[in-house]
file input09.cif (mmCIF, C-alpha atoms and all ligand atoms)
data_query
#
loop_
_atom_site.label_atom_id
_atom_site.label_comp_id
_atom_site.auth_asym_id
_atom_site.auth_seq_id
_atom_site.Cartn_x
_atom_site.Cartn_y
_atom_site.Cartn_z
CA MET A 3 -22.80 5.71 13.07
CA LYS A 4 -23.58 8.31 15.66
CA ARG A 5 -20.54 9.17 17.67
CA THR A 6 -20.85 8.23 21.35
CA GLN A 7 -18.36 7.71 24.11
CA ALA A 8 -17.75 4.02 24.59
CA GLY A 9 -18.74 4.33 28.24
CA GLU A 10 -22.19 5.78 27.61
CA ALA A 11 -23.94 2.72 26.35
CA THR A 12 -24.10 -0.35 28.51
CA GLY A 13 -24.30 -4.12 28.33
CA LEU A 14 -25.21 -5.99 25.19
CA PHE A 15 -26.18 -2.88 23.32
CA GLN A 16 -22.78 -1.37 23.91
CA GLU A 17 -21.00 -4.52 22.78
CA GLU A 18 -23.02 -4.55 19.59
CA LEU A 19 -22.12 -0.94 18.97
CA LEU A 20 -18.43 -1.56 19.56
CA TRP A 21 -18.43 -4.65 17.41
CA LYS A 22 -20.06 -2.70 14.61
CA ALA A 23 -17.33 -0.04 14.91
CA VAL A 24 -14.72 -2.79 14.55
CA ARG A 25 -16.43 -4.33 11.53
CA ASP A 26 -16.76 -0.88 9.91
CA ARG A 27 -13.14 -0.05 10.84
CA ASP A 28 -14.59 3.18 12.10
CA ARG A 29 -11.75 5.59 12.85
CA SER A 30 -13.92 7.90 14.89
CA TRP A 31 -13.73 5.29 17.67
CA ASP A 32 -9.93 5.12 17.76
CA GLY A 33 -8.66 6.00 21.20
CA LYS A 34 -12.15 5.50 22.71
CA PHE A 35 -11.85 1.77 23.14
CA TYR A 36 -9.54 -1.12 22.27
CA VAL A 37 -10.34 -4.50 20.85
CA GLY A 38 -8.49 -7.61 22.02
CA VAL A 39 -8.37 -10.91 20.20
CA MET A 40 -7.98 -13.54 22.88
CA THR A 41 -6.87 -16.29 20.48
CA THR A 42 -3.93 -14.30 19.05
CA GLY A 43 -3.10 -12.33 22.21
CA ILE A 44 -3.13 -9.03 20.29
CA TYR A 45 -5.09 -5.85 20.87
CA CYS A 46 -5.91 -3.23 18.25
CA ARG A 47 -7.55 0.08 17.53
CA PRO A 48 -11.13 -0.37 16.34
CA SER A 49 -10.04 0.71 12.86
CA CYS A 50 -7.17 -1.78 12.53
CA PRO A 51 -6.90 -2.80 8.87
CA SER A 52 -6.07 -6.43 9.74
CA ARG A 53 -8.58 -9.14 9.03
CA PRO A 54 -11.35 -9.07 11.63
CA ALA A 55 -11.38 -11.85 14.21
CA LEU A 56 -14.39 -13.97 15.09
CA ARG A 57 -16.79 -12.18 17.39
CA ARG A 58 -16.56 -14.90 20.04
CA ASN A 59 -12.79 -14.41 20.37
CA VAL A 60 -13.02 -10.68 20.90
CA ARG A 61 -13.05 -8.60 24.10
CA PHE A 62 -13.32 -4.86 24.49
CA PHE A 63 -11.13 -2.71 26.73
CA SER A 64 -11.37 0.94 27.65
CA THR A 65 -7.61 1.52 27.87
CA PRO A 66 -4.45 -0.09 26.45
CA GLU A 67 -3.39 -0.78 30.06
CA ALA A 68 -6.52 -2.83 30.67
CA ALA A 69 -5.80 -4.87 27.55
CA GLU A 70 -2.22 -5.43 28.67
CA ARG A 71 -3.34 -6.50 32.15
CA ALA A 72 -5.38 -9.16 30.38
CA GLY A 73 -2.13 -10.45 28.87
CA LEU A 74 -2.46 -8.93 25.42
CA ARG A 75 0.23 -7.13 23.43
CA ALA A 76 -0.15 -4.18 21.06
CA CYS A 77 -0.75 -4.90 17.38
CA LEU A 78 2.24 -4.09 15.18
CA ARG A 79 -0.01 -3.01 12.38
CA CYS A 80 -2.27 -0.38 13.94
CA HIS A 81 -0.19 0.70 16.96
CA PRO A 82 -3.13 1.09 19.33
CA LYS A 83 -1.01 2.85 21.94
CA THR A 84 -0.34 5.76 19.62
CA ALA A 85 -3.96 6.06 18.53
CA GLY A 86 -4.31 9.54 17.14
CA GLY A 87 -0.52 9.77 16.68
CA PRO A 88 -0.19 10.77 13.04
CA HIS A 89 -1.99 13.85 11.80
CA PRO A 90 -5.70 13.12 11.32
CA ASP A 91 -5.53 14.15 7.65
CA THR A 92 -2.80 11.59 7.02
CA GLU A 93 -4.95 8.96 8.69
CA ARG A 94 -8.02 9.95 6.69
CA ILE A 95 -6.19 9.90 3.41
CA ARG A 96 -4.54 6.61 4.24
CA ASP A 97 -7.95 5.21 4.99
CA VAL A 98 -9.20 6.40 1.62
CA CYS A 99 -6.16 4.83 -0.10
CA ASP A 100 -6.84 1.51 1.64
CA TYR A 101 -10.47 1.74 0.70
CA VAL A 102 -9.72 2.47 -2.95
CA ARG A 103 -7.25 -0.42 -3.10
CA ARG A 104 -9.75 -2.84 -1.63
CA ASN A 105 -12.58 -1.60 -3.82
CA ALA A 106 -10.77 -0.68 -7.03
CA ALA A 107 -13.10 -3.01 -8.90
CA GLU A 108 -16.21 -1.13 -7.75
CA PRO A 109 -17.52 2.05 -9.32
CA LEU A 110 -16.09 4.77 -7.03
CA SER A 111 -16.76 8.47 -7.36
CA LEU A 112 -14.38 11.22 -6.29
CA ALA A 113 -17.22 12.96 -4.47
CA GLY A 114 -17.90 9.74 -2.53
CA LEU A 115 -14.23 9.44 -1.58
CA ALA A 116 -14.15 13.05 -0.38
CA GLU A 117 -17.18 12.33 1.75
CA ARG A 118 -15.51 9.25 3.13
CA ALA A 119 -12.52 11.37 4.12
CA GLY A 120 -14.88 13.85 5.77
CA LEU A 121 -13.52 16.68 3.62
CA SER A 122 -15.03 18.99 1.03
CA PRO A 123 -14.18 17.95 -2.56
CA PHE A 124 -11.80 20.89 -2.83
CA HIS A 125 -9.96 20.17 0.41
CA PHE A 126 -9.94 16.48 -0.31
CA HIS A 127 -8.25 17.03 -3.67
CA ARG A 128 -5.67 19.38 -2.17
CA THR A 129 -4.97 17.29 0.94
CA PHE A 130 -4.76 14.06 -1.01
CA LYS A 131 -2.31 15.52 -3.48
CA ALA A 132 -0.19 17.03 -0.71
CA ILE A 133 0.06 13.75 1.23
CA VAL A 134 0.08 11.17 -1.55
CA GLY A 135 1.80 13.09 -4.33
CA VAL A 136 -0.75 12.34 -7.05
CA THR A 137 -4.38 13.43 -7.43
CA PRO A 138 -7.21 11.18 -6.17
CA LYS A 139 -8.18 10.53 -9.79
CA GLN A 140 -4.66 9.44 -10.76
CA PHE A 141 -4.55 7.18 -7.73
CA LEU A 142 -7.95 5.66 -8.51
CA ASP A 143 -6.94 5.07 -12.12
CA ALA A 144 -3.68 3.44 -11.06
CA CYS A 145 -5.51 1.09 -8.66
CA ARG A 146 -8.05 0.18 -11.33
CA VAL A 147 -5.31 -0.58 -13.79
CA GLY A 148 -3.63 -2.68 -11.08
CA ALA A 149 -6.82 -4.62 -10.40
CA TRP A 150 -7.33 -5.10 -14.09
CA LYS A 151 -3.81 -6.33 -14.74
CA GLY A 152 -4.12 -8.81 -11.89
CA GLN A 153 -7.15 -10.27 -13.60
CA LEU A 154 -5.61 -10.37 -17.06
CA ARG A 155 -2.91 -12.53 -15.56
CA THR A 156 -5.41 -15.17 -14.55
CA ASN A 157 -6.07 -15.74 -18.24
CA ARG A 158 -9.74 -14.99 -18.41
CA SER A 159 -11.18 -13.22 -21.40
CA VAL A 160 -10.32 -9.56 -21.65
CA THR A 161 -14.01 -8.69 -21.57
CA ASP A 162 -14.58 -10.34 -18.20
CA ALA A 163 -11.48 -8.76 -16.74
CA SER A 164 -12.59 -5.31 -17.86
CA PHE A 165 -15.98 -5.62 -16.28
CA GLU A 166 -14.67 -7.04 -13.06
CA ALA A 167 -12.15 -4.24 -12.72
CA GLY A 168 -14.92 -1.70 -12.54
CA PHE A 169 -14.69 -0.13 -15.95
CA SER A 170 -18.09 0.82 -17.22
CA SER A 171 -17.51 -0.49 -20.70
CA LEU A 172 -14.97 -2.44 -22.66
CA SER A 173 -14.19 0.47 -24.93
CA ARG A 174 -13.26 2.58 -21.91
CA ALA A 175 -10.97 -0.18 -20.73
CA TYR A 176 -9.14 -0.16 -24.04
CA GLU A 177 -8.93 3.58 -23.95
CA ARG A 178 -7.43 3.21 -20.49
CA ALA A 179 -5.07 0.49 -21.65
CA ASP A 180 -3.76 2.86 -24.24
CA THR A 181 -3.19 5.74 -21.86
CA ARG A 182 -2.15 3.90 -18.68
CA LEU A 183 -0.73 0.50 -19.47
CA GLY A 184 1.15 1.53 -22.56
CA MET A 185 0.39 -1.87 -24.03
CA THR A 186 -2.66 -3.45 -25.51
CA PRO A 187 -4.02 -6.28 -23.32
CA ALA A 188 -2.81 -8.87 -25.79
CA GLN A 189 0.74 -7.46 -25.79
CA TYR A 190 0.63 -7.42 -22.04
CA ARG A 191 0.09 -11.15 -21.91
CA ARG A 192 3.00 -11.69 -24.26
CA GLY A 193 5.31 -10.30 -21.58
CA GLY A 194 5.41 -6.63 -22.44
CA GLU A 195 6.88 -7.01 -25.91
CA GLY A 196 7.24 -3.61 -27.53
CA LEU A 197 7.35 -1.89 -24.13
CA THR A 198 9.77 1.02 -23.80
CA ILE A 199 11.34 1.67 -20.40
CA SER A 200 13.37 4.79 -19.70
CA TYR A 201 15.73 4.82 -16.79
CA ALA A 202 17.72 7.28 -14.74
CA ALA A 203 20.06 6.72 -11.79
CA VAL A 204 20.52 9.08 -8.89
CA ASP A 205 22.41 9.15 -5.58
CA GLY A 206 20.45 8.71 -2.39
CA PRO A 207 20.95 7.89 1.27
CA LEU A 208 20.87 4.15 0.42
CA GLY A 209 23.44 4.38 -2.36
CA ARG A 210 22.85 4.47 -6.07
CA MET A 211 19.17 4.16 -6.98
CA MET A 212 17.81 3.47 -10.45
CA ILE A 213 14.31 4.27 -11.54
CA GLY A 214 12.71 2.73 -14.59
CA ALA A 215 9.41 3.93 -15.94
CA THR A 216 7.13 3.47 -18.87
CA ASP A 217 5.24 6.60 -19.74
CA ARG A 218 2.44 5.20 -17.51
CA GLY A 219 4.26 4.70 -14.26
CA LEU A 220 7.18 3.25 -12.35
CA CYS A 221 8.14 -0.32 -13.17
CA PHE A 222 11.54 -0.45 -11.49
CA LEU A 223 13.18 1.11 -8.44
CA GLN A 224 16.24 -0.65 -7.13
CA PHE A 225 19.49 -0.02 -5.30
CA ALA A 226 23.07 -1.10 -5.99
CA GLU A 227 26.59 0.24 -5.90
CA ARG A 228 27.16 0.82 -9.59
CA ASP A 229 25.01 1.91 -12.54
CA GLU A 230 26.11 -1.06 -14.69
CA GLU A 231 24.78 -3.44 -12.05
CA LEU A 232 21.50 -1.57 -11.91
CA LEU A 233 21.14 -1.61 -15.66
CA ALA A 234 21.78 -5.36 -15.74
CA MET A 235 19.08 -5.82 -13.08
CA LEU A 236 16.65 -3.76 -15.13
CA ARG A 237 17.35 -5.80 -18.28
CA ALA A 238 16.92 -9.04 -16.38
CA GLU A 239 13.46 -7.93 -15.18
CA TYR A 240 12.28 -6.86 -18.61
CA PRO A 241 14.14 -8.92 -21.20
CA ALA A 242 11.63 -8.21 -23.96
CA ALA A 243 11.42 -4.46 -23.46
CA ARG A 244 13.30 -1.67 -25.17
CA ILE A 245 15.39 0.00 -22.48
CA GLU A 246 16.82 3.48 -22.93
CA PRO A 247 18.17 6.34 -20.82
CA MET A 248 15.53 8.85 -19.85
CA PRO A 249 15.80 11.87 -22.15
CA GLU A 250 16.58 15.17 -20.45
CA PRO A 251 15.03 17.39 -19.36
CA PHE A 252 13.02 14.83 -17.39
CA SER A 253 9.24 14.93 -17.67
CA HIS A 254 7.20 16.81 -15.12
CA ASP A 255 5.80 13.53 -13.78
CA PHE A 256 9.26 12.10 -13.33
CA ASP A 257 10.45 15.20 -11.48
CA GLN A 258 7.46 14.92 -9.17
CA TRP A 259 8.13 11.25 -8.46
CA MET A 260 11.77 12.00 -7.66
CA GLU A 261 10.73 14.80 -5.33
CA ALA A 262 8.29 12.44 -3.57
CA LEU A 263 11.01 9.80 -3.23
CA ARG A 264 13.54 12.27 -1.86
CA GLU A 265 11.04 13.54 0.70
CA HIS A 266 10.10 9.98 1.62
CA LEU A 267 13.70 8.94 2.16
CA ALA A 268 14.28 12.08 4.21
CA GLY A 269 11.34 11.15 6.45
CA GLN A 270 9.25 14.13 5.34
CA ARG A 271 6.60 12.17 3.47
CA ARG A 272 5.22 9.05 5.09
CA VAL A 273 2.81 7.87 2.44
CA LEU A 274 4.38 7.15 -0.91
CA GLU A 275 1.85 6.38 -3.61
CA LEU A 276 3.27 6.63 -7.09
CA PRO A 277 1.71 5.29 -10.27
CA LEU A 278 3.05 1.82 -10.98
CA ASP A 279 3.19 -0.13 -14.19
CA LEU A 280 3.93 -3.71 -13.17
CA ARG A 281 3.77 -7.19 -14.56
CA ALA A 282 3.09 -9.79 -11.91
CA THR A 283 1.10 -12.85 -11.01
CA ALA A 284 -2.24 -12.30 -9.32
CA PHE A 285 -0.74 -13.52 -6.04
CA GLN A 286 2.27 -11.22 -6.23
CA MET A 287 -0.02 -8.32 -7.00
CA GLN A 288 -2.18 -9.24 -4.00
CA VAL A 289 0.85 -9.38 -1.68
CA TRP A 290 2.31 -6.15 -3.01
CA ARG A 291 -0.95 -4.31 -2.61
CA TYR A 292 -1.24 -5.61 0.93
CA LEU A 293 2.29 -4.39 1.72
CA GLN A 294 1.26 -0.91 0.62
CA GLY A 295 -1.26 -1.00 3.46
CA ILE A 296 1.36 -1.56 6.19
CA PRO A 297 1.76 1.87 7.79
CA TYR A 298 4.96 3.84 7.76
CA GLY A 299 7.10 2.89 10.76
CA ALA A 300 5.31 -0.44 11.31
CA VAL A 301 6.46 -3.96 10.50
CA GLN A 302 4.66 -7.25 10.08
CA SER A 303 5.92 -10.81 9.92
CA TYR A 304 5.64 -12.90 6.75
CA ARG A 305 3.10 -14.96 8.58
CA GLU A 306 1.01 -11.96 9.59
CA VAL A 307 0.93 -10.88 5.97
CA ALA A 308 -0.15 -14.36 4.90
CA GLU A 309 -2.87 -14.31 7.56
CA GLY A 310 -3.90 -10.82 6.50
CA LEU A 311 -4.39 -12.14 3.00
CA GLY A 312 -6.55 -14.96 4.30
CA ARG A 313 -3.85 -17.53 3.34
CA PRO A 314 -2.32 -18.42 6.72
CA LYS A 315 -0.16 -21.20 5.24
CA ALA A 316 1.33 -19.02 2.51
CA ALA A 317 4.11 -17.36 4.57
CA ARG A 318 6.84 -18.76 2.30
CA ALA A 319 5.01 -17.66 -0.82
CA VAL A 320 4.70 -14.21 0.75
CA ALA A 321 8.47 -14.15 1.34
CA ARG A 322 9.04 -15.12 -2.30
CA ALA A 323 6.69 -12.40 -3.51
CA CYS A 324 8.61 -9.89 -1.37
CA ALA A 325 11.86 -11.12 -2.91
CA CYS A 326 10.42 -10.51 -6.40
CA ASN A 327 9.53 -6.91 -5.68
CA ARG A 328 10.99 -4.65 -8.35
CA VAL A 329 9.84 -1.34 -6.96
CA ALA A 330 11.52 -0.77 -3.60
CA LEU A 331 9.96 1.76 -1.20
CA VAL A 332 6.74 2.25 -3.21
CA ILE A 333 5.97 -1.39 -2.45
CA PRO A 334 7.43 -1.39 1.06
CA CYS A 335 8.65 -4.99 1.31
CA HIS A 336 11.20 -3.74 3.88
CA ARG A 337 8.30 -3.62 6.38
CA VAL A 338 8.06 -7.41 6.45
CA ILE A 339 10.34 -9.27 8.85
CA ARG A 340 10.52 -12.67 10.52
CA GLY A 341 8.12 -13.49 13.32
CA THR A 342 11.14 -13.89 15.61
CA GLY A 343 11.99 -10.22 15.09
CA GLU A 344 14.96 -11.01 12.86
CA LEU A 345 15.04 -8.98 9.70
CA GLY A 346 14.61 -11.89 7.28
CA GLY A 347 15.81 -11.15 3.76
CA TYR A 348 16.00 -8.06 1.64
CA ARG A 349 16.71 -8.08 -2.01
CA TRP A 350 18.92 -5.01 -1.75
CA GLY A 351 20.85 -6.00 1.38
CA LEU A 352 20.04 -6.17 5.09
CA ASP A 353 21.92 -2.95 5.84
CA ARG A 354 19.48 -1.05 3.65
CA LYS A 355 16.52 -2.82 5.20
CA ARG A 356 17.71 -2.02 8.71
CA ALA A 357 18.36 1.62 7.75
CA LEU A 358 14.85 1.97 6.31
CA ILE A 359 13.14 0.41 9.33
CA ASP A 360 15.20 2.48 11.80
CA ARG A 361 14.54 5.69 9.92
CA GLU A 362 10.80 5.06 9.75
CA ARG A 363 10.60 4.14 13.41
CA SER A 364 12.37 7.27 14.54
CA VAL A 365 10.26 9.50 12.27
CA ALA A 366 7.02 7.77 13.29
CA SER A 367 7.80 8.14 17.00
CA ARG A 368 8.09 11.92 16.58
CA LYS A 369 4.83 13.69 17.25
CA GLY A 370 2.84 15.42 14.52
ZN ZN B 401 -4.21 -3.97 14.82
#
call {"tool": "encode", "arguments": {"input": "input09.cif", "output": "structure tokens", "more": "lines below"}}
Ligand SMILES: [Zn+2]
result
Amino acid sequence: MKRTQAGEATGLFQEELLWKAVRDRDRSWDGKFYVGVMTTGIYCRPSCPSRPALRRNVRFFSTPEAAERAGLRACLRCHPKTAGGPHPDTERIRDVCDYVRRNAAEPLSLAGLAERAGLSPFHFHRTFKAIVGVTPKQFLDACRVGAWKGQLRTNRSVTDASFEAGFSSLSRAYERADTRLGMTPAQYRRGGEGLTISYAAVDGPLGRMMIGATDRGLCFLQFAERDEELLAMLRAEYPAARIEPMPEPFSHDFDQWMEALREHLAGQRRVLELPLDLRATAFQMQVWRYLQGIPYGAVQSYREVAEGLGRPKAARAVARACACNRVALVIPCHRVIRGTGELGGYRWGLDRKRALIDRERSVASRKG
């Protein structure tokens, strides 16, 4: 779309233009106008990732103040008042990550993603890696594997799942299964039999933290007081797997993940996208992927998540899926709270949840 100031066009034409910006989640309009949903009483940036409202329930405002005078309150997901807050590169890359997650089953090219980010392929690669911690290709592969695993779980034939996950041929999917999943599709459905998980425990600001990984990605990241507890939790999650201490020196990948986690916990890296290797139901996978789209420093209620998934009555199921999360931080279930503003539950203790939310809020409110 051609970039115009919201005030330049008038009347019906302008409304059409603004509505198109909302439907396209066009970030170039952020800060230029605000979109209010009269039925929910919330106003958003045009690019808000939440599910779009019905056109007839929507009104446009030129300032947040105007929206608030109309009785609306700011969306907790897109923080319209701080439009333009985070660095534009972070926003662009986050947008690309959201896009890849939503469209992992489509054929996506790296050049197309760079274009979407408005960056040259070279700068895109470098910026993406700097912000996300993995290359765009690694991220794309991880999302495809995620989409594919979600479909395997629904018990359709492996051939259908492969095609729907955007792989160009079945043989490529198997090749991928070998290098990314670490299991053949048939093994995967038997509950990860024959899977080897290496683990290591480290100290962090939230206490002892254990990381479990296959050689394809993280499958476990949890907190506790003692290593024995953590190991018991890991065994309970993966009863059929072979579980062994990570051999030292740690692999380059592992060192990079740890560095990303340290920076994230220190508030120096807002977006944490690490390769995951997870077993889950299709619904859990859907919830977890959605949670990865809740921005750093923001929170949503269980109900908002359910609505965001298009399943407004599934708030309890969402809470259960959060409680089953095995990879803290990377799947940020701490960003989901009760609609009343109470913290709700957290698998690793409410003190840790509160600490994470407080830390993110204070970092996110800093400029730049
Ligand atoms: Zn919003």
call {"tool": "residues_near_ligand", "arguments": {"input": "input09.cif", "ligand": "ligand ZN 401 (chain B)", "cutoff": "10 Å", "atoms": "only C-alpha atoms and all ligand atoms", "output": "PyMOL selection string"}}
result
chain A and resi 36-39+44-54+76-82
call {"tool": "closest_residue", "arguments": {"input": "input09.cif", "among": "A:Phe285, A:Tyr201, A:Tyr292, A:Trp21", "to": "Ala316 of chain A", "atoms": "all atoms listed in the file"}}
result
A:Phe285
call {"tool": "closest_residue", "arguments": {"input": "input09.cif", "among": "A:Met260, A:Arg71, A:Ala226, A:Ala215", "to": "Met248 of chain A", "atoms": "all atoms listed in the file"}}
result
A:Ala215
call {"tool": "closest_residue", "arguments": {"input": "input09.cif", "among": "A:Leu197, A:Asp229, A:Pro277, A:Asp255", "to": "Arg210 of chain A", "atoms": "all atoms listed in the file"}}
result
A:Asp229
call {"tool": "closest_residue", "arguments": {"input": "input09.cif", "among": "A:Leu233, A:Leu74, A:Ala242, A:Leu276", "to": "Ala202 of chain A", "atoms": "all atoms listed in the file"}}
result
A:Leu233
call {"tool": "residues_around", "arguments": {"input": "input09.cif", "residues": "segment 272-275 of chain A", "least_positions_apart": "5", "cutoff": "10 Å", "atoms": "all atoms listed in the file", "output": "number ranges by chain"}}
result
A: 88, 92, 95-96, 99, 133-136, 141, 144, 259, 262-263, 265-267, 294-295, 297-299, 331-334, 362, 365-366
call {"tool": "write_last_selection", "arguments": {"input": "input09.cif", "atoms": "C-alpha atoms", "output": "PDB file, in the coordinates of the input"}}
result
ATOM      1  CA  PRO A  88      -0.190  10.770  13.040  1.00  0.00           C
ATOM      2  CA  THR A  92      -2.800  11.590   7.020  1.00  0.00           C
ATOM      3  CA  ILE A  95      -6.190   9.900   3.410  1.00  0.00           C
ATOM      4  CA  ARG A  96      -4.540   6.610   4.240  1.00  0.00           C
ATOM      5  CA  CYS A  99      -6.160   4.830  -0.100  1.00  0.00           C
ATOM      6  CA  ILE A 133       0.060  13.750   1.230  1.00  0.00           C
ATOM      7  CA  VAL A 134       0.080  11.170  -1.550  1.00  0.00           C
ATOM      8  CA  GLY A 135       1.800  13.090  -4.330  1.00  0.00           C
ATOM      9  CA  VAL A 136      -0.750  12.340  -7.050  1.00  0.00           C
ATOM     10  CA  PHE A 141      -4.550   7.180  -7.730  1.00  0.00           C
ATOM     11  CA  ALA A 144      -3.680   3.440 -11.060  1.00  0.00           C
ATOM     12  CA  TRP A 259       8.130  11.250  -8.460  1.00  0.00           C
ATOM     13  CA  ALA A 262       8.290  12.440  -3.570  1.00  0.00           C
ATOM     14  CA  LEU A 263      11.010   9.800  -3.230  1.00  0.00           C
ATOM     15  CA  GLU A 265      11.040  13.540   0.700  1.00  0.00           C
ATOM     16  CA  HIS A 266      10.100   9.980   1.620  1.00  0.00           C
ATOM     17  CA  LEU A 267      13.700   8.940   2.160  1.00  0.00           C
ATOM     18  CA  GLN A 294       1.260  -0.910   0.620  1.00  0.00           C
ATOM     19  CA  GLY A 295      -1.260  -1.000   3.460  1.00  0.00           C
ATOM     20  CA  PRO A 297       1.760   1.870   7.790  1.00  0.00           C
ATOM     21  CA  TYR A 298       4.960   3.840   7.760  1.00  0.00           C
ATOM     22  CA  GLY A 299       7.100   2.890  10.760  1.00  0.00           C
ATOM     23  CA  LEU A 331       9.960   1.760  -1.200  1.00  0.00           C
ATOM     24  CA  VAL A 332       6.740   2.250  -3.210  1.00  0.00           C
ATOM     25  CA  ILE A 333       5.970  -1.390  -2.450  1.00  0.00           C
ATOM     26  CA  PRO A 334       7.430  -1.390   1.060  1.00  0.00           C
ATOM     27  CA  GLU A 362      10.800   5.060   9.750  1.00  0.00           C
ATOM     28  CA  VAL A 365      10.260   9.500  12.270  1.00  0.00           C
ATOM     29  CA  ALA A 366       7.020   7.770  13.290  1.00  0.00           C
TER      30      ALA A 366
END
call {"tool": "atom_distance", "arguments": {"input": "input09.cif", "atom1": "atom CA of Ser111 of chain A", "atom2": "atom CA of Gln140 of chain A"}}
result
12.6 Å
call {"tool": "closest_residue", "arguments": {"input": "input09.cif", "among": "A:Gln16, A:Gly219, A:Glu261, A:Leu311", "to": "Val204 of chain A", "atoms": "all atoms listed in the file"}}
result
A:Glu261
call {"tool": "atom_distance", "arguments": {"input": "input09.cif", "atom1": "atom CA of Gly346 of chain A", "atom2": "atom CA of Ala319 of chain A"}}
result
13.8 Å
call {"tool": "closest_residue", "arguments": {"input": "input09.cif", "among": "A:Ala68, A:Leu223, A:Met235, A:Ala55", "to": "Ala330 of chain A", "atoms": "only C-alpha atoms"}}
result
A:Leu223
call {"tool": "atom_distance", "arguments": {"input": "input09.cif", "atom1": "atom CA of Pro109 of chain A", "atom2": "atom CA of His127 of chain A"}}
result
18.5 Å
call {"tool": "residues_near_point", "arguments": {"input": "input09.cif", "point": "(-9.1, -7.1, 26.5)", "cutoff": "6 Å", "atoms": "only C-alpha atoms", "output": "VMD selection string"}}
result
chain A and resid 38 61 to 63 69 72
call {"tool": "residues_around", "arguments": {"input": "input09.cif", "residues": "Cys221 of chain A", "least_positions_apart": "2", "cutoff": "6 Å", "atoms": "all atoms listed in the file", "output": "PyMOL selection string"}}
result
chain A and resi 214-215+278-280
call {"tool": "axis_aligned_box", "arguments": {"input": "input09.cif", "around": "segment 356-369 of chain A", "padding_each_side": "6 Å", "output": "JSON"}}
result
{"center_x": 11.6, "center_y": 5.8, "center_z": 11.8, "size_x": 25.5, "size_y": 27.7, "size_z": 22.9}
